[in-house]
$ cat entry-v9.cif   # mmCIF, C-alpha atoms (C1' of nucleotides)
data_target
loop_
_atom_site.label_atom_id
_atom_site.label_comp_id
_atom_site.auth_asym_id
_atom_site.auth_seq_id
_atom_site.Cartn_x
_atom_site.Cartn_y
_atom_site.Cartn_z
CA MET X 270 91.14 151.86 129.31
CA LYS X 271 89.03 154.46 131.11
CA ASP X 272 86.46 154.11 128.34
CA ILE X 273 85.62 150.65 129.63
CA LEU X 274 84.56 152.23 132.91
CA PHE X 275 82.57 154.97 131.18
CA ASP X 276 80.84 152.44 128.92
CA PHE X 277 79.86 150.49 131.98
CA ILE X 278 78.56 153.53 133.86
CA SER X 279 76.63 154.74 130.81
CA LYS X 280 74.40 151.69 131.10
CA TYR X 281 73.08 153.18 134.33
CA VAL X 282 73.39 156.98 134.19
CA LEU X 283 74.56 159.59 131.72
CA LEU X 284 77.67 161.46 132.81
CA THR X 285 78.46 165.08 131.95
CA ASP X 286 81.98 165.91 130.73
CA GLU X 287 82.61 167.53 134.08
CA GLU X 288 81.76 164.31 135.89
CA LYS X 289 83.88 162.25 133.53
CA ASN X 290 86.84 164.53 134.13
CA ALA X 291 86.38 164.21 137.87
CA ILE X 292 86.65 160.45 137.52
CA ALA X 293 89.46 160.43 134.96
CA SER X 294 91.61 162.70 137.10
CA SER X 295 90.98 160.70 140.27
CA ASP X 296 93.72 158.32 141.28
CA ILE X 297 91.84 155.02 141.26
CA PHE X 298 93.35 153.09 138.36
CA ARG X 299 95.78 150.28 139.22
CA SER X 300 97.78 147.67 137.35
CA VAL X 301 98.54 144.57 139.37
CA LYS X 302 100.63 141.48 138.62
CA LYS X 303 99.28 137.96 138.60
CA GLY X 304 99.42 136.48 142.09
CA THR X 305 99.20 139.81 143.90
CA THR X 306 97.02 139.72 147.01
CA LEU X 307 94.63 142.69 147.22
CA LEU X 308 93.00 141.77 150.53
CA LYS X 309 94.02 139.34 153.27
CA GLU X 310 91.90 137.41 155.75
CA GLY X 311 91.60 139.30 159.04
CA GLN X 312 92.39 142.61 157.38
CA LYS X 313 90.07 145.62 157.51
CA SER X 314 89.45 147.47 154.27
CA LYS X 315 87.18 150.03 152.66
CA ASP X 316 88.12 149.22 149.09
CA SER X 317 85.84 148.14 146.27
CA TYR X 318 87.15 146.87 142.94
CA PHE X 319 86.03 147.13 139.35
CA ILE X 320 87.84 144.98 136.77
CA LEU X 321 88.83 146.66 133.52
CA LYS X 322 91.04 143.82 132.26
CA GLY X 323 92.04 140.53 133.81
CA CYS X 324 90.65 138.32 136.56
CA ILE X 325 90.62 138.26 140.36
CA ARG X 326 89.28 135.68 142.79
CA THR X 327 88.05 135.49 146.37
CA TYR X 328 89.09 132.52 148.48
CA TYR X 329 88.96 131.24 152.02
CA VAL X 330 91.72 129.25 153.70
CA MET X 331 90.13 126.37 155.61
CA ASP X 332 92.27 123.70 157.28
CA GLY X 333 95.20 125.02 155.26
CA GLU X 334 93.25 124.52 152.03
CA GLU X 335 92.20 127.26 149.62
CA LYS X 336 88.49 127.38 148.78
CA THR X 337 87.79 129.68 145.84
CA THR X 338 84.21 130.94 145.86
CA ALA X 339 84.11 133.61 143.16
CA PHE X 340 85.85 135.02 140.09
CA TYR X 341 85.52 138.57 138.81
CA THR X 342 86.45 139.42 135.24
CA GLU X 343 86.08 142.33 132.79
CA MET X 344 83.20 144.71 133.66
CA GLU X 345 82.50 143.11 137.02
CA ALA X 346 82.58 144.79 140.42
CA LEU X 347 83.39 143.47 143.86
CA THR X 348 82.64 145.11 147.21
CA PRO X 349 83.80 142.62 149.85
CA PRO X 350 81.35 141.95 152.71
CA CYS X 351 83.95 143.26 155.19
CA VAL X 352 83.60 146.72 153.62
CA ILE X 353 79.82 146.66 154.16
CA ASN X 354 79.92 145.09 157.63
CA LYS X 355 83.01 147.00 158.78
CA THR X 356 84.49 143.79 160.09
CA PRO X 357 87.82 142.03 159.40
CA SER X 358 87.70 140.13 156.12
CA ASP X 359 86.83 136.42 156.16
CA TYR X 360 88.59 135.83 152.87
CA PHE X 361 91.46 136.71 150.57
CA VAL X 362 91.25 138.53 147.24
CA SER X 363 94.01 137.96 144.73
CA CYS X 364 94.82 138.23 141.03
CA VAL X 365 94.47 135.19 138.81
CA GLU X 366 96.02 137.11 135.90
CA ASP X 367 97.81 140.42 135.38
CA THR X 368 94.90 142.77 135.99
CA VAL X 369 93.89 146.39 135.47
CA LEU X 370 91.24 147.61 137.88
CA THR X 371 89.90 150.56 139.81
CA VAL X 372 90.19 150.66 143.58
CA SER X 373 87.75 152.98 145.32
CA ASP X 374 87.41 153.76 148.98
CA SER X 375 83.93 153.66 150.58
CA ASP X 376 84.48 157.09 152.19
CA MET X 377 85.25 158.49 148.76
CA GLU X 378 82.13 156.87 147.34
CA ALA X 379 80.00 158.30 150.14
CA ALA X 380 81.36 161.76 149.36
CA ILE X 381 80.61 161.39 145.65
CA ASN X 382 77.14 159.99 146.36
CA SER X 383 76.16 162.94 148.51
CA LYS X 384 77.55 165.37 145.93
CA PHE X 385 75.93 163.66 142.91
CA PRO X 386 72.58 161.99 143.70
CA LYS X 387 72.96 160.43 140.27
CA PHE X 388 75.59 158.07 141.67
CA GLU X 389 73.43 157.16 144.62
CA ILE X 390 70.77 155.98 142.18
CA MET X 391 73.31 154.12 140.09
CA CYS X 392 74.59 152.30 143.16
CA ARG X 393 71.10 151.27 144.20
CA VAL X 394 70.22 149.98 140.75
CA MET X 395 73.51 148.10 140.45
CA SER X 396 73.13 146.54 143.88
CA GLU X 397 69.59 145.43 143.14
CA GLU X 398 70.65 143.90 139.83
CA LEU X 399 73.62 142.13 141.39
CA LEU X 400 71.41 140.85 144.18
CA ALA X 401 68.92 139.39 141.69
CA LYS X 402 71.68 137.87 139.57
CA GLN X 403 73.44 136.34 142.53
CA ARG X 404 70.14 134.97 143.84
CA MET X 405 69.61 133.18 140.53
CA ASP X 406 73.17 131.83 140.56
CA PHE X 407 72.69 130.54 144.09
CA ASP X 408 69.38 128.90 143.18
CA GLU X 409 70.96 127.25 140.16
CA PHE X 410 73.78 125.96 142.33
CA LYS X 411 71.40 124.51 144.90
CA THR X 412 69.21 122.79 142.38
CA SER X 413 71.90 121.11 140.28
CA SER X 414 74.54 118.43 140.59
CA PRO X 415 78.27 119.15 140.24
CA GLU X 416 78.17 117.78 136.70
CA GLN X 417 75.25 120.02 135.72
CA ARG X 418 77.01 122.97 137.32
CA TYR X 419 80.09 122.34 135.22
CA LEU X 420 78.01 122.06 132.05
CA ASN X 421 76.18 125.25 132.94
CA LEU X 422 79.45 127.06 133.48
CA LEU X 423 80.63 125.79 130.11
CA GLN X 424 77.60 127.60 128.65
CA SER X 425 77.58 130.78 130.69
CA ARG X 426 81.27 131.56 131.22
CA PRO X 427 83.32 129.32 128.92
CA ASP X 428 86.30 131.69 129.21
CA LEU X 429 86.67 130.93 132.93
CA ILE X 430 87.37 127.27 132.27
CA GLN X 431 90.25 128.29 130.03
CA ARG X 432 91.83 131.04 132.07
CA VAL X 433 91.53 129.64 135.60
CA PRO X 434 93.43 126.71 137.21
CA GLN X 435 91.39 123.53 137.61
CA HIS X 436 91.76 123.28 141.38
CA GLN X 437 90.35 126.80 141.77
CA LEU X 438 87.47 125.95 139.43
CA ALA X 439 86.77 122.83 141.47
CA SER X 440 86.06 124.64 144.73
CA TYR X 441 84.09 127.22 142.77
CA LEU X 442 81.89 124.27 141.71
CA GLY X 443 81.78 123.00 145.29
CA ILE X 444 83.89 119.87 144.72
CA LYS X 445 87.49 118.57 144.95
CA PRO X 446 89.97 118.86 142.05
CA GLN X 447 90.05 115.08 141.64
CA SER X 448 86.27 114.99 141.28
CA LEU X 449 86.42 117.67 138.62
CA SER X 450 88.97 115.69 136.63
CA ARG X 451 86.84 112.56 136.89
CA LEU X 452 83.65 114.41 136.03
CA ARG X 453 85.25 115.86 132.90
CA ALA X 454 86.47 112.42 131.83
CA ARG X 455 82.92 111.12 132.36
CA ILE X 456 81.46 113.83 130.15
CA LEU X 457 83.96 113.15 127.37
CA GLU X 458 83.08 109.46 127.50
CA LYS X 459 79.36 110.18 127.18
CA LYS X 460 79.96 112.23 124.04
CA ASN X 461 81.42 109.12 122.35
CA MET G 440 51.75 145.39 163.38
CA LYS G 441 52.84 148.50 161.49
CA ASP G 442 55.34 149.15 164.28
CA ILE G 443 57.34 146.13 163.09
CA LEU G 444 57.80 147.87 159.76
CA PHE G 445 58.72 151.20 161.39
CA ASP G 446 61.19 149.50 163.73
CA PHE G 447 62.80 147.89 160.72
CA ILE G 448 63.00 151.13 158.74
CA SER G 449 64.37 153.02 161.74
CA LYS G 450 67.51 150.92 161.54
CA TYR G 451 68.27 152.69 158.26
CA VAL G 452 66.65 156.15 158.28
CA LEU G 453 64.63 158.28 160.68
CA LEU G 454 61.07 158.94 159.54
CA THR G 455 59.07 162.07 160.28
CA ASP G 456 55.48 161.67 161.49
CA GLU G 457 54.36 162.86 158.09
CA GLU G 458 56.29 160.08 156.39
CA LYS G 459 54.98 157.50 158.83
CA ASN G 460 51.43 158.59 158.18
CA ALA G 461 51.99 158.33 154.44
CA ILE G 462 53.02 154.71 154.92
CA ALA G 463 50.38 153.82 157.50
CA SER G 464 47.60 155.13 155.31
CA SER G 465 48.89 153.37 152.20
CA ASP G 466 47.13 150.16 151.29
CA ILE G 467 50.05 147.72 151.39
CA PHE G 468 49.29 145.46 154.36
CA ARG G 469 47.98 141.98 153.59
CA SER G 470 47.01 138.90 155.56
CA VAL G 471 47.36 135.65 153.63
CA LYS G 472 46.45 132.06 154.48
CA LYS G 473 48.95 129.21 154.60
CA GLY G 474 49.32 127.68 151.15
CA THR G 475 48.39 130.83 149.23
CA THR G 476 50.48 131.40 146.11
CA LEU G 477 51.69 135.00 145.82
CA LEU G 478 53.56 134.61 142.52
CA LYS G 479 53.44 131.91 139.85
CA GLU G 480 56.12 130.75 137.42
CA GLY G 481 55.74 132.54 134.07
CA GLN G 482 53.86 135.43 135.63
CA LYS G 483 55.02 139.04 135.41
CA SER G 484 54.95 141.08 138.59
CA LYS G 485 56.20 144.32 140.12
CA ASP G 486 55.56 143.33 143.71
CA SER G 487 58.07 143.18 146.55
CA TYR G 488 57.26 141.63 149.91
CA PHE G 489 58.22 142.36 153.48
CA ILE G 490 57.26 139.82 156.14
CA LEU G 491 55.73 141.13 159.36
CA LYS G 492 54.64 137.76 160.73
CA GLY G 493 54.81 134.27 159.26
CA CYS G 494 56.90 132.59 156.56
CA ILE G 495 56.97 132.43 152.77
CA ARG G 496 59.14 130.39 150.40
CA THR G 497 60.36 130.55 146.83
CA TYR G 498 60.40 127.34 144.80
CA TYR G 499 60.99 126.09 141.29
CA VAL G 500 59.11 123.22 139.69
CA MET G 501 61.61 121.01 137.85
CA ASP G 502 60.53 117.72 136.27
CA GLY G 503 57.31 118.01 138.25
CA GLU G 504 59.28 118.29 141.47
CA GLU G 505 59.32 121.29 143.81
CA LYS G 506 62.74 122.71 144.63
CA THR G 507 62.61 125.19 147.50
CA THR G 508 65.52 127.62 147.43
CA ALA G 509 64.69 130.23 150.04
CA PHE G 510 62.56 131.03 153.09
CA TYR G 511 61.65 134.52 154.28
CA THR G 512 60.46 135.10 157.84
CA GLU G 513 59.82 138.03 160.19
CA MET G 514 61.69 141.24 159.23
CA GLU G 515 62.93 139.88 155.91
CA ALA G 516 62.26 141.34 152.48
CA LEU G 517 61.97 139.72 149.06
CA THR G 518 62.12 141.41 145.68
CA PRO G 519 61.89 138.60 143.09
CA PRO G 520 64.44 138.73 140.24
CA CYS G 521 61.56 138.99 137.75
CA VAL G 522 60.71 142.42 139.21
CA ILE G 523 64.27 143.64 138.66
CA ASN G 524 64.72 142.03 135.24
CA LYS G 525 61.18 142.74 134.04
CA THR G 526 60.90 139.16 132.84
CA PRO G 527 58.36 136.40 133.60
CA SER G 528 59.11 134.74 136.93
CA ASP G 529 61.22 131.56 137.02
CA TYR G 530 59.76 130.49 140.31
CA PHE G 531 56.76 130.39 142.62
CA VAL G 532 56.31 132.27 145.87
CA SER G 533 53.91 130.85 148.43
CA CYS G 534 53.04 130.94 152.11
CA VAL G 535 54.41 128.27 154.43
CA GLU G 536 52.27 129.63 157.29
CA ASP G 537 49.46 132.14 157.73
CA THR G 538 51.38 135.33 157.02
CA VAL G 539 51.07 139.09 157.44
CA LEU G 540 53.17 141.05 154.98
CA THR G 541 53.41 144.22 152.96
CA VAL G 542 53.11 144.12 149.18
CA SER G 543 54.61 147.08 147.36
CA ASP G 544 54.67 147.84 143.67
CA SER G 545 57.98 148.90 142.06
CA ASP G 546 56.29 151.88 140.36
CA MET G 547 55.08 153.02 143.73
CA GLU G 548 58.55 152.63 145.20
CA ALA G 549 60.06 154.61 142.34
CA ALA G 550 57.59 157.44 143.03
CA ILE G 551 58.41 157.45 146.74
CA ASN G 552 62.15 157.30 146.06
CA SER G 553 62.05 160.35 143.82
CA LYS G 554 59.91 162.22 146.35
CA PHE G 555 61.99 161.25 149.40
CA PRO G 556 65.73 160.84 148.63
CA LYS G 557 65.90 159.34 152.11
CA PHE G 558 64.26 156.19 150.79
CA GLU G 559 66.60 156.00 147.86
CA ILE G 560 69.51 155.88 150.31
CA MET G 561 67.75 153.30 152.47
CA CYS G 562 67.19 151.07 149.45
CA ARG G 563 70.84 151.28 148.42
CA VAL G 564 72.08 150.47 151.92
CA MET G 565 69.64 147.59 152.29
CA SER G 566 70.55 146.15 148.90
CA GLU G 567 74.25 146.34 149.66
CA GLU G 568 73.76 144.64 153.01
CA LEU G 569 71.60 141.92 151.52
CA LEU G 570 74.13 141.39 148.76
CA ALA G 571 76.96 140.97 151.27
CA LYS G 572 74.88 138.65 153.46
CA GLN G 573 73.78 136.52 150.55
CA ARG G 574 77.34 136.33 149.27
CA MET G 575 78.44 134.92 152.62
CA ASP G 576 75.56 132.43 152.66
CA PHE G 577 76.48 131.29 149.17
CA ASP G 578 80.14 130.90 150.10
CA GLU G 579 79.22 128.91 153.17
CA PHE G 580 77.01 126.66 151.06
CA LYS G 581 79.76 126.06 148.51
CA THR G 582 82.41 125.27 151.07
CA SER G 583 80.45 122.83 153.21
CA SER G 584 78.91 119.37 153.01
CA PRO G 585 75.15 118.75 153.36
CA GLU G 586 75.72 117.61 156.93
CA GLN G 587 77.68 120.76 157.84
CA ARG G 588 75.01 122.88 156.16
CA TYR G 589 72.33 121.28 158.29
CA LEU G 590 74.36 121.84 161.46
CA ASN G 591 74.97 125.45 160.47
CA LEU G 592 71.27 125.99 159.87
CA LEU G 593 70.60 124.50 163.30
CA GLN G 594 72.80 127.28 164.69
CA SER G 595 71.74 130.21 162.55
CA ARG G 596 68.01 129.63 162.01
CA PRO G 597 66.84 126.89 164.40
CA ASP G 598 63.24 128.06 164.08
CA LEU G 599 63.18 127.14 160.37
CA ILE G 600 63.79 123.46 161.15
CA GLN G 601 60.72 123.48 163.37
CA ARG G 602 58.30 125.47 161.25
CA VAL G 603 59.06 124.15 157.78
CA PRO G 604 58.29 120.68 156.26
CA GLN G 605 61.32 118.40 155.91
CA HIS G 606 61.07 117.95 152.16
CA GLN G 607 61.19 121.73 151.68
CA LEU G 608 64.17 121.97 154.03
CA ALA G 609 65.92 119.22 152.07
CA SER G 610 65.96 121.07 148.77
CA TYR G 611 66.90 124.23 150.66
CA LEU G 612 69.99 122.26 151.78
CA GLY G 613 70.54 121.02 148.22
CA ILE G 614 69.65 117.37 148.89
CA LYS G 615 66.73 114.87 148.74
CA PRO G 616 64.31 114.34 151.65
CA GLN G 617 65.57 110.79 152.15
CA SER G 618 69.12 112.06 152.48
CA LEU G 619 68.04 114.59 155.08
CA SER G 620 66.33 111.88 157.12
CA ARG G 621 69.43 109.71 156.95
CA LEU G 622 71.76 112.58 157.74
CA ARG G 623 69.76 113.49 160.84
CA ALA G 624 69.80 109.87 162.00
CA ARG G 625 73.58 109.85 161.49
CA ILE G 626 74.00 112.99 163.62
CA LEU G 627 71.89 111.55 166.43
CA GLU G 628 74.00 108.38 166.40
CA LYS G 629 77.21 110.38 166.67
CA LYS G 630 75.92 112.16 169.76
CA ASN G 631 75.66 108.78 171.56
"C1'" DC M 1433 119.82 123.56 131.79
"C1'" DG M 1434 118.25 120.75 135.21
"C1'" DT M 1435 115.89 120.58 139.54
"C1'" DA M 1436 111.93 121.99 142.35
"C1'" DT M 1437 107.33 123.00 142.54
"C1'" DT M 1438 102.86 123.25 141.06
"C1'" DT M 1439 99.16 121.41 138.44
"C1'" DC M 1440 96.48 117.88 136.55
"C1'" DT M 1441 95.19 113.22 136.01
"C1'" DT M 1442 94.47 108.37 137.25
"C1'" DA M 1443 93.48 104.59 140.34
"C1'" DA M 1444 91.75 101.98 144.42
"C1'" DC M 1445 89.07 102.37 148.24
"C1'" DT M 1446 85.68 104.69 151.49
"C1'" DT M 1447 81.79 107.36 152.38
"C1'" DA M 1448 77.70 109.66 151.46
"C1'" DA M 1449 74.06 111.09 148.37
"C1'" DG M 1450 70.57 109.54 144.66
"C1'" DT M 1451 66.94 106.16 143.50
"C1'" DG M 1452 62.98 103.27 143.95
"C1'" DA M 1453 60.09 100.99 146.93
"C1'" DA M 1454 57.64 100.13 151.08
"C1'" DC M 1455 55.57 101.33 155.51
"C1'" DG M 1456 53.14 103.71 159.21
"C1'" DA M 1457 51.24 108.06 161.06
"C1'" DG M 1458 48.64 111.81 160.31
"C1'" DT M 1459 45.48 114.62 157.45
"C1'" DT M 1460 41.96 115.54 154.15
"C1'" DA M 1461 38.07 114.47 151.37
"C1'" DC M 1462 33.97 112.42 150.42
"C1'" DG U 297 34.10 106.03 158.73
"C1'" DT U 298 36.84 104.80 155.23
"C1'" DA U 299 39.48 105.74 151.23
"C1'" DA U 300 43.00 108.73 149.31
"C1'" DC U 301 46.82 111.49 150.04
"C1'" DT U 302 50.75 113.65 152.19
"C1'" DC U 303 54.70 113.30 154.91
"C1'" DG U 304 58.55 111.43 157.11
"C1'" DT U 305 61.30 107.43 157.71
"C1'" DT U 306 63.73 103.18 156.57
"C1'" DC U 307 65.93 99.81 153.49
"C1'" DA U 308 68.56 97.86 149.65
"C1'" DC U 309 70.93 99.12 145.85
"C1'" DT U 310 73.34 102.35 142.56
"C1'" DT U 311 76.06 106.17 141.57
"C1'" DA U 312 79.08 109.78 142.40
"C1'" DA U 313 81.99 112.44 145.41
"C1'" DG U 314 85.79 112.33 149.19
"C1'" DT U 315 90.33 110.43 150.38
"C1'" DT U 316 94.86 108.86 149.85
"C1'" DA U 317 98.51 107.95 147.00
"C1'" DA U 318 101.24 107.94 142.90
"C1'" DG U 319 102.85 109.56 138.68
"C1'" DA U 320 102.96 112.53 134.38
"C1'" DA U 321 103.11 117.19 132.48
"C1'" DA U 322 103.82 121.91 132.74
"C1'" DT U 323 105.91 125.84 134.99
"C1'" DA U 324 109.08 128.37 137.84
"C1'" DC U 325 113.55 129.20 139.34
"C1'" DG U 326 118.27 129.08 140.58
#
$ encode --input "entry-v9.cif" --output "structure tokens"
Amino acid sequence: MKDILFDFISKYVLLTDEEKNAIASSDIFRSVKKGTTLLKEGQKSKDSYFILKGCIRTYYVMDGEEKTTAFYTEMEALTPPCVINKTPSDYFVSCVEDTVLTVSDSDMEAAINSKFPKFEIMCRVMSEELLAKQRMDFDEFKTSSPEQRYLNLLQSRPDLIQRVPQHQLASYLGIKPQSLSRLRARILEKKN
Amino acid sequence: MKDILFDFISKYVLLTDEEKNAIASSDIFRSVKKGTTLLKEGQKSKDSYFILKGCIRTYYVMDGEEKTTAFYTEMEALTPPCVINKTPSDYFVSCVEDTVLTVSDSDMEAAINSKFPKFEIMCRVMSEELLAKQRMDFDEFKTSSPEQRYLNLLQSRPDLIQRVPQHQLASYLGIKPQSLSRLRARILEKKN
DNA sequence: CGTATTTCTTAACTTAAGTGAACGAGTTAC
DNA sequence: GTAACTCGTTCACTTAAGTTAAGAAATACG
């Protein structure tokens, strides 16, 4: 399981055996059950997550309704805005499936970064890449209709549509569950 | 004008006079006229921008129609995804107003970063902050209606509504210009 | 095993955004 | 100075999403 993490890191920097051992012996690996809440609204936290296996989601509760805005699956990392801004969290993070992930504290990361400049560079490169990727996702969202967004998702992350409940997918697409049902029926009709 | 840049940087790291001089004597400051295109679709580029005065926008051309997805004004920085991904640009960047900005090459930045680790850290911190901010903007966009988005923009960036043409604002809000006109009329009616 | 509960779908109706066209005001070009 | 163009608005009409409600299917749980 740790190899998944090392494979991921190796795309950015090459680790020595010493560095790998430091990571492997650190106590950051967690197994969590489906439905577990990792972070609650209003809570302060310094934890970042990296998914080794499974799926987590971020969601807001607005007028008693859950609004899911993001899913994180294998090889994806999440540092909640509250960790960066040092403010109480605006949203919840919870597990869509049984999930194996790493949980790392920002103080710990700061210590590692100052000890190994290599990690500092890796963090910058990763942040820049994520920023560019997210910018493109946002642009795509803005410039397309709900139906196009669904079709795009079908292309780019077909697994999500299978492993995630429809009503969570709906708010991820910026619409209501009923609209998603209807939209899917419409697409099926067009095919015939 | 250079002081704006130094003020901005000082929020992240403290520069020595030597470092300031290195920047001040570098040839990165540009004045560009309203309407100037800084980056074209399909073009490769290594340039990042930082706005000292004025406003620029990013836009896609889809079916012959411009879709504006972002505006950058005073004290904001843009590194296009094409610079990060080393691919041809998907969009255009052009000036909404007469603008003063810095243009910096990614090779140049890499050289500075390896010479001054201070900058490396600044870049990581800035990227992380931008990522968190953009994530929140995206979430807000997903979870609100066009009308709410417009009202939010009125709160968070009232200047934009004044300085930017309506049809560019409309696609920024994810709607058509006609819908924006109508929506504004609706809001005015509600007030009375 | 059967009863809740959650999840998904369908339907009827309301509301708002998309579309195409027209108009006037302001700007630019010649 | 006038023609051409851009820009914002309005209107009538179409299309799709929001809302409310109801019911079927799957899942959880005692």
$ interface_residues --input "entry-v9.cif" --of "chain M" --to "chain G" --cutoff "10 Å" --atoms "all atoms listed in the file" --output "MDAnalysis selection string"
chainID M and resid 1448:1451
$ closest_residue --input "entry-v9.cif" --among "U:DT323, U:DT316, U:DT302, U:DT310" --to "chain G" --atoms "all atoms listed in the file"
U:DT302
$ interface_residues --input "entry-v9.cif" --of "chain U" --to "chain G" --cutoff "12 Å" --atoms "only C-alpha atoms (C1' of nucleotides)" --output "PyMOL selection string"
chain U and resi 302-307+313-314
$ atom_distance --input "entry-v9.cif" --atom1 "CA of Val372 in chain X" --atom2 "CA of Ser317 in chain X"
5.7 Å
$ closest_atom_pairs --input "entry-v9.cif" --of "chain X" --to "chain G" --cutoff "7 Å" --atoms "all atoms listed in the file" --output "tab-separated table"
residue	atom	partner	partner_atom	distance
X:Lys336	CA	G:Thr582	CA	6.8
X:Thr338	CA	G:Asp578	CA	5.9
X:Pro350	CA	G:Ala571	CA	4.7
X:Ile353	CA	G:Glu568	CA	6.5
X:Cys392	CA	G:Arg563	CA	6.5
X:Arg393	CA	G:Arg563	CA	4.2
X:Ser396	CA	G:Ser566	CA	5.7
X:Glu397	CA	G:Ser566	CA	5.9
X:Glu398	CA	G:Ile523	CA	6.5
X:Leu400	CA	G:Leu570	CA	5.4
X:Ala401	CA	G:Pro520	CA	4.8
X:Phe407	CA	G:Phe577	CA	6.4
X:Asp408	CA	G:Thr508	CA	5.9
X:Lys411	CA	G:Gly613	CA	4.9
X:Thr412	CA	G:Gly613	CA	6.2
X:Gly443	CA	G:Lys581	CA	4.9
$ closest_residue --input "entry-v9.cif" --among "M:DT1437, M:DT1442, M:DT1447, M:DT1459" --to "DA312 in chain U" --atoms "all atoms listed in the file"
M:DT1447
$ atom_distance --input "entry-v9.cif" --atom1 "CA of Ile448 in chain G" --atom2 "CA of Thr541 in chain G"
13.2 Å
$ resolve_selection --input "entry-v9.cif" --expression "the PyMOL selection byres ((chain G and resi 477) around 8)" --output "list in words"
Thr475, Thr476, Leu478, Lys479, Phe531, Val532, Ser533 and Cys534 of chain G
$ resolve_selection --input "entry-v9.cif" --expression "the PyMOL selection byres ((chain U and resi 300) around 12)" --output "list in words"
DT1459, DT1460, DA1461 and DC1462 of chain M; DT298, DA299, DC301 and DT302 of chain U
$ write_last_selection --input "entry-v9.cif" --atoms "C-alpha atoms (C1' of nucleotides)" --output "JSON list (two decimals), in the frame of the given file"
[["chain", "number", "residue", "atom", "x", "y", "z"],
["M", 1459, "DT", "C1'", 45.48, 114.62, 157.45],
["M", 1460, "DT", "C1'", 41.96, 115.54, 154.15],
["M", 1461, "DA", "C1'", 38.07, 114.47, 151.37],
["M", 1462, "DC", "C1'", 33.97, 112.42, 150.42],
["U", 298, "DT", "C1'", 36.84, 104.80, 155.23],
["U", 299, "DA", "C1'", 39.48, 105.74, 151.23],
["U", 301, "DC", "C1'", 46.82, 111.49, 150.04],
["U", 302, "DT", "C1'", 50.75, 113.65, 152.19]]
$ atom_distance --input "entry-v9.cif" --atom1 "CA of Gln607 in chain G" --atom2 "CA of Glu504 in chain G"
10.9 Å
$ resolve_selection --input "entry-v9.cif" --expression "the PyMOL selection byres ((chain G and resi 486) around 6)" --output "PyMOL selection string"
chain G and resi 484-485+487+543-544
$ write_last_selection --input "entry-v9.cif" --atoms "C-alpha atoms" --output "PDB file, in the frame of the given file"
ATOM      1  CA  SER G 484      54.950 141.080 138.590  1.00  0.00           C
ATOM      2  CA  LYS G 485      56.200 144.320 140.120  1.00  0.00           C
ATOM      3  CA  SER G 487      58.070 143.180 146.550  1.00  0.00           C
ATOM      4  CA  SER G 543      54.610 147.080 147.360  1.00  0.00           C
ATOM      5  CA  ASP G 544      54.670 147.840 143.670  1.00  0.00           C
TER       6      ASP G 544
END
$ build_atoms --input "entry-v9.cif" --residues "range 290-300 of chain X" --atoms "N, CA and C atoms" --output "PDB file, in the coordinates of the input"
ATOM      1  N   ASN X 290      85.513 164.009 133.800  1.00  0.00           N
ATOM      2  CA  ASN X 290      86.840 164.530 134.130  1.00  0.00           C
ATOM      3  C   ASN X 290      87.183 164.284 135.602  1.00  0.00           C
ATOM      4  N   ALA X 291      86.168 164.445 136.447  1.00  0.00           N
ATOM      5  CA  ALA X 291      86.380 164.210 137.870  1.00  0.00           C
ATOM      6  C   ALA X 291      86.860 162.779 138.109  1.00  0.00           C
ATOM      7  N   ILE X 292      86.255 161.858 137.379  1.00  0.00           N
ATOM      8  CA  ILE X 292      86.650 160.450 137.520  1.00  0.00           C
ATOM      9  C   ILE X 292      88.031 160.202 136.917  1.00  0.00           C
ATOM     10  N   ALA X 293      88.212 160.704 135.677  1.00  0.00           N
ATOM     11  CA  ALA X 293      89.460 160.430 134.960  1.00  0.00           C
ATOM     12  C   ALA X 293      90.672 160.971 135.711  1.00  0.00           C
ATOM     13  N   SER X 294      90.466 162.101 136.413  1.00  0.00           N
ATOM     14  CA  SER X 294      91.610 162.700 137.100  1.00  0.00           C
ATOM     15  C   SER X 294      91.794 162.115 138.510  1.00  0.00           C
ATOM     16  N   SER X 295      90.825 161.311 138.955  1.00  0.00           N
ATOM     17  CA  SER X 295      90.980 160.700 140.270  1.00  0.00           C
ATOM     18  C   SER X 295      92.002 159.569 140.169  1.00  0.00           C
ATOM     19  N   ASP X 296      92.626 159.279 141.287  1.00  0.00           N
ATOM     20  CA  ASP X 296      93.720 158.320 141.280  1.00  0.00           C
ATOM     21  C   ASP X 296      93.227 156.939 141.711  1.00  0.00           C
ATOM     22  N   ILE X 297      92.413 156.310 140.861  1.00  0.00           N
ATOM     23  CA  ILE X 297      91.840 155.020 141.260  1.00  0.00           C
ATOM     24  C   ILE X 297      92.255 153.872 140.361  1.00  0.00           C
ATOM     25  N   PHE X 298      92.979 154.153 139.296  1.00  0.00           N
ATOM     26  CA  PHE X 298      93.350 153.090 138.360  1.00  0.00           C
ATOM     27  C   PHE X 298      94.640 152.406 138.795  1.00  0.00           C
ATOM     28  N   ARG X 299      94.616 151.060 138.779  1.00  0.00           N
ATOM     29  CA  ARG X 299      95.780 150.280 139.220  1.00  0.00           C
ATOM     30  C   ARG X 299      96.074 149.154 138.241  1.00  0.00           C
ATOM     31  N   SER X 300      97.355 148.860 138.085  1.00  0.00           N
ATOM     32  CA  SER X 300      97.780 147.670 137.350  1.00  0.00           C
ATOM     33  C   SER X 300      98.454 146.735 138.331  1.00  0.00           C
TER      34      SER X 300
END
